[in-house]
Amino acid sequence: MTDTRSRVTLQDVADRAGVSITTASRVVNDGSRRVGAQLAQRVQQAVAELGYTANLQARAVATGRSSMVGVVVHDIADPYFSSIAAGLIAVADTSRLLVCMSSTPASEAAERQYVALMRAQRARAVILIGSRTDDAAARTALGGEVAAFARQGGRVVCVGQPLLGVDTIMPENAAGADALARALAALGHRRFAVLAGPRGLLTARDRTEGFRAGLAGWPAVLDPASIVHGAFTRDGGYEAMSTILAAGEPFPDCVFAVTDVMAVGALARLRVGGIEVPAGIAVAGFDDILTLRDVYPPLTTVRLPLKRMGQMAAELILSDADLERPRVIPVPGEVILRESTVPRPPPA
């Protein structure tokens, strides 16, 4: 037997409810004009009885946009990205938007392909979560695709550096790392190393340079050889910490990992090496991801309001503001000192 539910139209719903197709559309599509409670109940009952489902593809063609929001993150397994995504999904859900998420490499080329796909799907908006890179040509190409998406009526928001000419939630990476460096130096740490993340990634660069700037006013040492690059992952932190230890003594007093995920890998490597934290080497991170609750010793870090950043990004795409200039909303970090970097005793 043929499943007739697949052929149910909005006109069928209107006929069953005894209303005009305009009234049925307003109820089904949550139109701006209100429909009386009694009529709305009749339409909703007809929808349930007939098993009507709106044709979202046809609606997107008719209106020029769908209820889809494309979200790009660089690593969905990283709590930094998943926490931001959780915040924006919560806001999108209350507005009955469909979030389509993709995890891409940290490259503008991959993001450009995703934005092009969302443009073809007539998505309502795209949110790009993650750092820009130093590849100017790729960034320009991404900017061109973003502009084409906007001309089609879509909204674009970035969480990262404000380099694409769109609304941006901007974590203050350099300032946060600067404040952390000064706090660690004030605790008595003097020899530092940095697990600096991938080369070419602006977030990694900003945090590294901010940390270096924070040490400038202190009798502290950050040798260029002690700045080790690696992936923004637990394993990247483990391997970078291995490189620091392989250089031999004197070990640094304190190691700054530019992400908490890298710091977790560094802590694991120090445990394997039998080096106590913080007595042997202190460790600090950046982000204050939720999983730090299970890390021992508790990790010193720079706290960013990750979930709130996602909510802010979603609120920007829902805003009807038509501004001449893109909005840039800075998000400061807060230094959180914990047991992984207790005050260092003065030298004997």
# chains A, B, ... in the order shown; residues from 1 in each chain; ligands from 1
>>> residues_around(residues="Glu334 in chain A", least_positions_apart="3", cutoff="10 Å", atoms="only C-alpha atoms", output="list of chain:residue names")
A:Ala175, A:Gly176, A:Ala177, A:Ala179, A:Leu180, A:Phe286, A:Asp287, A:Asp288, A:Thr301, A:Val302, A:Arg303, A:Leu304, A:Pro305, A:Val331, A:Leu337
>>> select_by_dssp(residues="range 259-304 of chain A", states="strand (DSSP E or B)", output="list in words")
Ala282, Val283, Ala284, Asp287, Thr300, Thr301, Val302 and Arg303 of chain A
>>> write_last_selection(atoms="N, CA and C atoms", output="tab-separated table (two decimals), in the first residue's frame")
chain	number	residue	atom	x	y	z
A	282	ALA	N	56.53	23.16	37.09
A	282	ALA	CA	55.16	23.66	37.13
A	282	ALA	C	54.58	23.69	35.72
A	283	VAL	N	53.26	23.59	35.62
A	283	VAL	CA	52.59	23.57	34.31
A	283	VAL	C	51.37	24.48	34.36
A	284	ALA	N	51.18	25.24	33.28
A	284	ALA	CA	50.00	26.09	33.13
A	284	ALA	C	49.43	25.92	31.74
A	287	ASP	N	42.44	28.28	28.59
A	287	ASP	CA	41.05	28.01	28.16
A	287	ASP	C	40.13	27.67	29.32
A	300	THR	N	46.63	25.39	36.64
A	300	THR	CA	46.59	26.84	36.45
A	300	THR	C	46.30	27.13	34.98
A	301	THR	N	45.45	28.13	34.72
A	301	THR	CA	45.05	28.38	33.34
A	301	THR	C	44.51	29.79	33.20
A	302	VAL	N	44.11	30.13	31.98
A	302	VAL	CA	43.39	31.37	31.69
A	302	VAL	C	41.98	30.99	31.30
A	303	ARG	N	41.02	31.42	32.08
A	303	ARG	CA	39.63	31.02	31.85
A	303	ARG	C	38.97	31.90	30.79
>>> residues_around(residues="range 227-241 of chain A", least_positions_apart="4", cutoff="9 Å", atoms="only C-alpha atoms", output="PyMOL selection string")
chain A and resi 78+192-199+204+208+222-223+245-246+255+257-270
>>> atom_distance(atom1="CA of Asp134 in chain A", atom2="CA of Ala109 in chain A")
12.4 Å
>>> closest_residue(among="A:Ile275, A:Leu117, A:Leu39, A:Ile336", to="Pro298 in chain A", atoms="only C-alpha atoms")
A:Ile336
>>> residues_around(residues="Glu209 in chain A", least_positions_apart="3", cutoff="9 Å", atoms="only C-alpha atoms", output="list in words")
Ala174, Ala177, Asp178, Ala204, Arg205, Asp206, Arg212, Ala213 and Gly214 of chain A
>>> residues_around(residues="range 137-152 of chain A", least_positions_apart="4", cutoff="9 Å", atoms="only C-alpha atoms", output="PDB file with N, CA, C and O atoms, in the first residue's frame")
ATOM      1  N   GLY A  64      14.436  32.037  -0.063  1.00  0.00           N
ATOM      2  CA  GLY A  64      15.829  32.397  -0.270  1.00  0.00           C
ATOM      3  C   GLY A  64      16.748  31.951   0.843  1.00  0.00           C
ATOM      4  O   GLY A  64      17.951  32.165   0.778  1.00  0.00           O
ATOM      5  N   ARG A  65      16.201  31.363   1.900  1.00  0.00           N
ATOM      6  CA  ARG A  65      17.042  30.859   2.975  1.00  0.00           C
ATOM      7  C   ARG A  65      16.295  29.764   3.731  1.00  0.00           C
ATOM      8  O   ARG A  65      15.076  29.696   3.720  1.00  0.00           O
ATOM      9  N   SER A 107      42.348  25.217   8.553  1.00  0.00           N
ATOM     10  CA  SER A 107      42.812  25.840   7.321  1.00  0.00           C
ATOM     11  C   SER A 107      41.656  26.574   6.669  1.00  0.00           C
ATOM     12  O   SER A 107      40.513  26.101   6.682  1.00  0.00           O
ATOM     13  N   GLU A 108      41.953  27.752   6.107  1.00  0.00           N
ATOM     14  CA  GLU A 108      40.922  28.530   5.438  1.00  0.00           C
ATOM     15  C   GLU A 108      40.388  27.812   4.197  1.00  0.00           C
ATOM     16  O   GLU A 108      39.236  28.009   3.825  1.00  0.00           O
ATOM     17  N   ALA A 109      41.217  26.971   3.554  1.00  0.00           N
ATOM     18  CA  ALA A 109      40.755  26.267   2.359  1.00  0.00           C
ATOM     19  C   ALA A 109      39.601  25.328   2.683  1.00  0.00           C
ATOM     20  O   ALA A 109      38.592  25.281   1.970  1.00  0.00           O
ATOM     21  N   GLU A 111      37.599  25.556   5.287  1.00  0.00           N
ATOM     22  CA  GLU A 111      36.451  26.371   5.697  1.00  0.00           C
ATOM     23  C   GLU A 111      35.749  26.978   4.482  1.00  0.00           C
ATOM     24  O   GLU A 111      34.511  27.068   4.451  1.00  0.00           O
ATOM     25  N   ARG A 112      36.519  27.383   3.499  1.00  0.00           N
ATOM     26  CA  ARG A 112      35.924  27.967   2.287  1.00  0.00           C
ATOM     27  C   ARG A 112      35.006  26.959   1.603  1.00  0.00           C
ATOM     28  O   ARG A 112      33.905  27.303   1.141  1.00  0.00           O
ATOM     29  N   GLN A 113      35.440  25.718   1.515  1.00  0.00           N
ATOM     30  CA  GLN A 113      34.611  24.689   0.891  1.00  0.00           C
ATOM     31  C   GLN A 113      33.307  24.495   1.654  1.00  0.00           C
ATOM     32  O   GLN A 113      32.244  24.304   1.058  1.00  0.00           O
ATOM     33  N   VAL A 115      31.748  26.788   3.600  1.00  0.00           N
ATOM     34  CA  VAL A 115      30.894  27.958   3.394  1.00  0.00           C
ATOM     35  C   VAL A 115      30.225  27.880   2.028  1.00  0.00           C
ATOM     36  O   VAL A 115      29.035  28.206   1.881  1.00  0.00           O
ATOM     37  N   ALA A 116      30.959  27.430   1.001  1.00  0.00           N
ATOM     38  CA  ALA A 116      30.375  27.270  -0.332  1.00  0.00           C
ATOM     39  C   ALA A 116      29.231  26.252  -0.309  1.00  0.00           C
ATOM     40  O   ALA A 116      28.190  26.449  -0.951  1.00  0.00           O
ATOM     41  N   MET A 118      27.345  25.521   2.298  1.00  0.00           N
ATOM     42  CA  MET A 118      26.217  26.140   2.996  1.00  0.00           C
ATOM     43  C   MET A 118      25.519  27.174   2.107  1.00  0.00           C
ATOM     44  O   MET A 118      24.297  27.337   2.169  1.00  0.00           O
ATOM     45  N   ARG A 119      26.272  27.854   1.267  1.00  0.00           N
ATOM     46  CA  ARG A 119      25.655  28.799   0.333  1.00  0.00           C
ATOM     47  C   ARG A 119      24.768  28.065  -0.662  1.00  0.00           C
ATOM     48  O   ARG A 119      23.655  28.511  -0.968  1.00  0.00           O
ATOM     49  N   ARG A 122      21.509  27.220   0.778  1.00  0.00           N
ATOM     50  CA  ARG A 122      20.744  28.394   1.218  1.00  0.00           C
ATOM     51  C   ARG A 122      20.624  28.453   2.747  1.00  0.00           C
ATOM     52  O   ARG A 122      19.553  28.730   3.298  1.00  0.00           O
ATOM     53  N   ALA A 123      21.716  28.149   3.423  1.00  0.00           N
ATOM     54  CA  ALA A 123      21.731  28.205   4.887  1.00  0.00           C
ATOM     55  C   ALA A 123      21.475  29.632   5.349  1.00  0.00           C
ATOM     56  O   ALA A 123      21.809  30.608   4.666  1.00  0.00           O
ATOM     57  N   ALA A 125      22.778  30.977   8.109  1.00  0.00           N
ATOM     58  CA  ALA A 125      23.981  31.571   8.683  1.00  0.00           C
ATOM     59  C   ALA A 125      25.089  30.538   8.755  1.00  0.00           C
ATOM     60  O   ALA A 125      24.841  29.330   8.688  1.00  0.00           O
ATOM     61  N   VAL A 126      26.303  31.036   8.914  1.00  0.00           N
ATOM     62  CA  VAL A 126      27.482  30.189   9.135  1.00  0.00           C
ATOM     63  C   VAL A 126      28.276  30.792  10.290  1.00  0.00           C
ATOM     64  O   VAL A 126      28.466  32.010  10.354  1.00  0.00           O
ATOM     65  N   ARG A 132      42.336  31.941  12.719  1.00  0.00           N
ATOM     66  CA  ARG A 132      42.834  32.184  11.359  1.00  0.00           C
ATOM     67  C   ARG A 132      44.288  31.716  11.291  1.00  0.00           C
ATOM     68  O   ARG A 132      44.921  31.431  12.302  1.00  0.00           O
ATOM     69  N   THR A 133      44.812  31.604  10.077  1.00  0.00           N
ATOM     70  CA  THR A 133      46.209  31.220   9.883  1.00  0.00           C
ATOM     71  C   THR A 133      46.967  32.368   9.230  1.00  0.00           C
ATOM     72  O   THR A 133      46.389  33.404   8.888  1.00  0.00           O
ATOM     73  N   VAL A 156      27.180  35.707   8.726  1.00  0.00           N
ATOM     74  CA  VAL A 156      28.413  34.995   9.076  1.00  0.00           C
ATOM     75  C   VAL A 156      28.971  35.599  10.357  1.00  0.00           C
ATOM     76  O   VAL A 156      29.029  36.823  10.504  1.00  0.00           O
ATOM     77  N   LEU A 163      39.327  39.043  11.078  1.00  0.00           N
ATOM     78  CA  LEU A 163      40.081  39.240   9.844  1.00  0.00           C
ATOM     79  C   LEU A 163      39.269  38.963   8.584  1.00  0.00           C
ATOM     80  O   LEU A 163      39.818  39.023   7.481  1.00  0.00           O
ATOM     81  N   LEU A 164      37.981  38.682   8.723  1.00  0.00           N
ATOM     82  CA  LEU A 164      37.169  38.341   7.557  1.00  0.00           C
ATOM     83  C   LEU A 164      36.097  39.390   7.266  1.00  0.00           C
ATOM     84  O   LEU A 164      35.266  39.199   6.385  1.00  0.00           O
ATOM     85  N   GLY A 165      36.103  40.496   7.999  1.00  0.00           N
ATOM     86  CA  GLY A 165      35.135  41.543   7.735  1.00  0.00           C
ATOM     87  C   GLY A 165      33.719  41.190   8.135  1.00  0.00           C
ATOM     88  O   GLY A 165      32.762  41.690   7.530  1.00  0.00           O
ATOM     89  N   VAL A 166      33.556  40.326   9.161  1.00  0.00           N
ATOM     90  CA  VAL A 166      32.235  39.938   9.640  1.00  0.00           C
ATOM     91  C   VAL A 166      32.196  40.083  11.160  1.00  0.00           C
ATOM     92  O   VAL A 166      33.228  40.287  11.812  1.00  0.00           O
TER      93      VAL A 166
END
>>> closest_residue(among="A:Val73, A:Val277, A:Ala48, A:Ile89", to="Val295 in chain A", atoms="only C-alpha atoms")
A:Val277
>>> atom_distance(atom1="CA of Ser83 in chain A", atom2="CA of Phe211 in chain A")
24.4 Å
>>> closest_residue(among="A:Leu97, A:Ile21, A:Ile84, A:Leu187", to="Cys158 in chain A", atoms="only C-alpha atoms")
A:Ile84
>>> atom_distance(atom1="CA of Val27 in chain A", atom2="CA of Val91 in chain A")
22.0 Å
>>> residues_around(residues="Thr104 in chain A", least_positions_apart="6", cutoff="12 Å", atoms="only C-alpha atoms", output="JSON, numbers by chain")
{"A": [71, 72, 73, 74, 75, 76, 77, 81, 110, 111, 112, 113, 114, 115, 128, 129, 130, 131]}
>>> write_last_selection(atoms="C-alpha atoms", output="PDB file, in the first residue's frame")
ATOM      1  CA  VAL A  71      28.991  25.593  12.162  1.00  0.00           C
ATOM      2  CA  VAL A  72      32.657  24.895  11.500  1.00  0.00           C
ATOM      3  CA  VAL A  73      35.037  23.781  14.263  1.00  0.00           C
ATOM      4  CA  HIS A  74      38.624  22.649  13.912  1.00  0.00           C
ATOM      5  CA  ASP A  75      38.376  19.638  16.243  1.00  0.00           C
ATOM      6  CA  ILE A  76      35.032  18.555  17.709  1.00  0.00           C
ATOM      7  CA  ALA A  77      36.872  16.256  20.141  1.00  0.00           C
ATOM      8  CA  PHE A  81      35.339  23.754  20.496  1.00  0.00           C
ATOM      9  CA  ALA A 110      38.658  23.675   4.181  1.00  0.00           C
ATOM     10  CA  GLU A 111      36.451  26.371   5.697  1.00  0.00           C
ATOM     11  CA  ARG A 112      35.924  27.967   2.287  1.00  0.00           C
ATOM     12  CA  GLN A 113      34.611  24.689   0.891  1.00  0.00           C
ATOM     13  CA  TYR A 114      32.172  24.392   3.786  1.00  0.00           C
ATOM     14  CA  VAL A 115      30.894  27.958   3.394  1.00  0.00           C
ATOM     15  CA  LEU A 128      33.321  29.775  11.968  1.00  0.00           C
ATOM     16  CA  ILE A 129      34.895  28.740  15.280  1.00  0.00           C
ATOM     17  CA  GLY A 130      38.658  28.714  15.350  1.00  0.00           C
ATOM     18  CA  SER A 131      41.852  30.542  14.610  1.00  0.00           C
TER      19      SER A 131
END
>>> closest_residue(among="A:Ile281, A:Val69, A:Leu10, A:Ile289", to="Ile127 in chain A", atoms="only C-alpha atoms")
A:Val69
>>> decode(residues="range 329-344 of chain A", atoms="all heavy atoms", output="PDB file, in the first residue's frame")
ATOM      1  N   ILE A 329      33.427  41.797  19.304  1.00  0.00           N
ATOM      2  CA  ILE A 329      33.155  41.738  20.737  1.00  0.00           C
ATOM      3  C   ILE A 329      34.339  41.061  21.423  1.00  0.00           C
ATOM      4  O   ILE A 329      34.518  39.842  21.319  1.00  0.00           O
ATOM      5  CB  ILE A 329      31.862  40.963  21.019  1.00  0.00           C
ATOM      6  CG1 ILE A 329      30.690  41.636  20.286  1.00  0.00           C
ATOM      7  CG2 ILE A 329      31.597  40.894  22.523  1.00  0.00           C
ATOM      8  CD1 ILE A 329      29.377  40.912  20.446  1.00  0.00           C
ATOM      9  N   PRO A 330      35.180  41.831  22.115  1.00  0.00           N
ATOM     10  CA  PRO A 330      36.335  41.225  22.800  1.00  0.00           C
ATOM     11  C   PRO A 330      35.884  40.447  24.030  1.00  0.00           C
ATOM     12  O   PRO A 330      34.960  40.850  24.746  1.00  0.00           O
ATOM     13  CB  PRO A 330      37.186  42.434  23.188  1.00  0.00           C
ATOM     14  CG  PRO A 330      36.227  43.580  23.251  1.00  0.00           C
ATOM     15  CD  PRO A 330      35.136  43.300  22.263  1.00  0.00           C
ATOM     16  N   VAL A 331      36.541  39.323  24.263  1.00  0.00           N
ATOM     17  CA  VAL A 331      36.241  38.478  25.419  1.00  0.00           C
ATOM     18  C   VAL A 331      37.529  38.326  26.227  1.00  0.00           C
ATOM     19  O   VAL A 331      38.451  37.614  25.815  1.00  0.00           O
ATOM     20  CB  VAL A 331      35.720  37.096  24.991  1.00  0.00           C
ATOM     21  CG1 VAL A 331      35.424  36.240  26.222  1.00  0.00           C
ATOM     22  CG2 VAL A 331      34.469  37.242  24.135  1.00  0.00           C
ATOM     23  N   PRO A 332      37.626  38.987  27.370  1.00  0.00           N
ATOM     24  CA  PRO A 332      38.858  38.878  28.169  1.00  0.00           C
ATOM     25  C   PRO A 332      38.956  37.530  28.866  1.00  0.00           C
ATOM     26  O   PRO A 332      37.943  36.876  29.139  1.00  0.00           O
ATOM     27  CB  PRO A 332      38.706  40.019  29.187  1.00  0.00           C
ATOM     28  CG  PRO A 332      37.231  40.231  29.309  1.00  0.00           C
ATOM     29  CD  PRO A 332      36.644  39.919  27.962  1.00  0.00           C
ATOM     30  N   GLY A 333      40.181  37.127  29.132  1.00  0.00           N
ATOM     31  CA  GLY A 333      40.426  35.922  29.914  1.00  0.00           C
ATOM     32  C   GLY A 333      40.704  36.266  31.363  1.00  0.00           C
ATOM     33  O   GLY A 333      41.060  37.407  31.688  1.00  0.00           O
ATOM     34  N   GLU A 334      40.555  35.281  32.218  1.00  0.00           N
ATOM     35  CA  GLU A 334      40.793  35.464  33.657  1.00  0.00           C
ATOM     36  C   GLU A 334      41.827  34.448  34.128  1.00  0.00           C
ATOM     37  O   GLU A 334      41.641  33.237  33.951  1.00  0.00           O
ATOM     38  CB  GLU A 334      39.492  35.269  34.435  1.00  0.00           C
ATOM     39  CG  GLU A 334      39.649  35.372  35.934  1.00  0.00           C
ATOM     40  CD  GLU A 334      38.385  34.982  36.683  1.00  0.00           C
ATOM     41  OE1 GLU A 334      37.388  34.592  36.029  1.00  0.00           O
ATOM     42  OE2 GLU A 334      38.400  35.041  37.939  1.00  0.00           O
ATOM     43  N   VAL A 335      42.907  34.924  34.713  1.00  0.00           N
ATOM     44  CA  VAL A 335      43.948  34.030  35.220  1.00  0.00           C
ATOM     45  C   VAL A 335      43.416  33.286  36.441  1.00  0.00           C
ATOM     46  O   VAL A 335      42.932  33.901  37.396  1.00  0.00           O
ATOM     47  CB  VAL A 335      45.216  34.805  35.581  1.00  0.00           C
ATOM     48  CG1 VAL A 335      46.241  33.879  36.241  1.00  0.00           C
ATOM     49  CG2 VAL A 335      45.817  35.452  34.328  1.00  0.00           C
ATOM     50  N   ILE A 336      43.509  31.957  36.393  1.00  0.00           N
ATOM     51  CA  ILE A 336      43.077  31.100  37.498  1.00  0.00           C
ATOM     52  C   ILE A 336      44.302  30.337  37.993  1.00  0.00           C
ATOM     53  O   ILE A 336      44.811  29.449  37.301  1.00  0.00           O
ATOM     54  CB  ILE A 336      41.984  30.100  37.056  1.00  0.00           C
ATOM     55  CG1 ILE A 336      40.809  30.839  36.401  1.00  0.00           C
ATOM     56  CG2 ILE A 336      41.514  29.276  38.240  1.00  0.00           C
ATOM     57  CD1 ILE A 336      40.054  31.766  37.328  1.00  0.00           C
ATOM     58  N   LEU A 337      44.787  30.700  39.184  1.00  0.00           N
ATOM     59  CA  LEU A 337      45.967  30.040  39.746  1.00  0.00           C
ATOM     60  C   LEU A 337      45.529  28.836  40.575  1.00  0.00           C
ATOM     61  O   LEU A 337      44.713  28.963  41.483  1.00  0.00           O
ATOM     62  CB  LEU A 337      46.757  31.020  40.612  1.00  0.00           C
ATOM     63  CG  LEU A 337      47.365  32.220  39.872  1.00  0.00           C
ATOM     64  CD1 LEU A 337      48.006  33.173  40.857  1.00  0.00           C
ATOM     65  CD2 LEU A 337      48.364  31.764  38.813  1.00  0.00           C
ATOM     66  N   ARG A 338      46.096  27.670  40.232  1.00  0.00           N
ATOM     67  CA  ARG A 338      45.771  26.439  40.953  1.00  0.00           C
ATOM     68  C   ARG A 338      47.076  25.743  41.367  1.00  0.00           C
ATOM     69  O   ARG A 338      48.176  26.277  41.210  1.00  0.00           O
ATOM     70  CB  ARG A 338      44.903  25.529  40.080  1.00  0.00           C
ATOM     71  CG  ARG A 338      43.551  26.153  39.685  1.00  0.00           C
ATOM     72  CD  ARG A 338      42.635  25.112  39.058  1.00  0.00           C
ATOM     73  NE  ARG A 338      41.332  25.641  38.714  1.00  0.00           N
ATOM     74  CZ  ARG A 338      40.890  25.838  37.477  1.00  0.00           C
ATOM     75  NH1 ARG A 338      41.686  25.539  36.440  1.00  0.00           N
ATOM     76  NH2 ARG A 338      39.685  26.325  37.232  1.00  0.00           N
ATOM     77  N   GLU A 339      46.923  24.518  41.873  1.00  0.00           N
ATOM     78  CA  GLU A 339      48.049  23.831  42.505  1.00  0.00           C
ATOM     79  C   GLU A 339      49.177  23.430  41.554  1.00  0.00           C
ATOM     80  O   GLU A 339      50.265  23.081  41.995  1.00  0.00           O
ATOM     81  CB  GLU A 339      47.547  22.585  43.239  1.00  0.00           C
ATOM     82  CG  GLU A 339      46.827  22.872  44.544  1.00  0.00           C
ATOM     83  CD  GLU A 339      45.343  23.143  44.332  1.00  0.00           C
ATOM     84  OE1 GLU A 339      44.945  23.565  43.226  1.00  0.00           O
ATOM     85  OE2 GLU A 339      44.574  22.921  45.283  1.00  0.00           O
ATOM     86  N   SER A 340      48.958  23.470  40.256  1.00  0.00           N
ATOM     87  CA  SER A 340      50.029  23.076  39.327  1.00  0.00           C
ATOM     88  C   SER A 340      51.138  24.108  39.241  1.00  0.00           C
ATOM     89  O   SER A 340      52.189  23.845  38.651  1.00  0.00           O
ATOM     90  CB  SER A 340      49.469  22.823  37.928  1.00  0.00           C
ATOM     91  OG  SER A 340      49.032  24.025  37.339  1.00  0.00           O
ATOM     92  N   THR A 341      50.932  25.288  39.844  1.00  0.00           N
ATOM     93  CA  THR A 341      51.960  26.334  39.814  1.00  0.00           C
ATOM     94  C   THR A 341      52.040  27.035  41.169  1.00  0.00           C
ATOM     95  O   THR A 341      51.940  28.262  41.248  1.00  0.00           O
ATOM     96  CB  THR A 341      51.657  27.378  38.738  1.00  0.00           C
ATOM     97  OG1 THR A 341      50.352  27.955  39.003  1.00  0.00           O
ATOM     98  CG2 THR A 341      51.675  26.789  37.340  1.00  0.00           C
ATOM     99  N   VAL A 342      52.219  26.275  42.232  1.00  0.00           N
ATOM    100  CA  VAL A 342      52.334  26.894  43.568  1.00  0.00           C
ATOM    101  C   VAL A 342      53.575  27.786  43.605  1.00  0.00           C
ATOM    102  O   VAL A 342      54.492  27.611  42.812  1.00  0.00           O
ATOM    103  CB  VAL A 342      52.400  25.827  44.668  1.00  0.00           C
ATOM    104  CG1 VAL A 342      51.116  25.024  44.718  1.00  0.00           C
ATOM    105  CG2 VAL A 342      53.605  24.929  44.463  1.00  0.00           C
ATOM    106  N   PRO A 343      53.615  28.743  44.549  1.00  0.00           N
ATOM    107  CA  PRO A 343      54.796  29.638  44.641  1.00  0.00           C
ATOM    108  C   PRO A 343      56.096  28.841  44.766  1.00  0.00           C
ATOM    109  O   PRO A 343      56.172  27.855  45.481  1.00  0.00           O
ATOM    110  CB  PRO A 343      54.521  30.458  45.908  1.00  0.00           C
ATOM    111  CG  PRO A 343      53.028  30.459  46.021  1.00  0.00           C
ATOM    112  CD  PRO A 343      52.576  29.116  45.526  1.00  0.00           C
ATOM    113  N   ARG A 344      57.082  29.284  44.019  1.00  0.00           N
ATOM    114  CA  ARG A 344      58.377  28.604  44.024  1.00  0.00           C
ATOM    115  C   ARG A 344      59.256  29.190  45.130  1.00  0.00           C
ATOM    116  O   ARG A 344      59.370  30.416  45.251  1.00  0.00           O
ATOM    117  CB  ARG A 344      59.062  28.751  42.676  1.00  0.00           C
ATOM    118  CG  ARG A 344      60.234  27.806  42.461  1.00  0.00           C
ATOM    119  CD  ARG A 344      60.675  27.822  41.009  1.00  0.00           C
ATOM    120  NE  ARG A 344      61.690  26.802  40.772  1.00  0.00           N
ATOM    121  CZ  ARG A 344      61.431  25.546  40.485  1.00  0.00           C
ATOM    122  NH1 ARG A 344      60.185  25.128  40.417  1.00  0.00           N
ATOM    123  NH2 ARG A 344      62.421  24.676  40.277  1.00  0.00           N
TER     124      ARG A 344
END
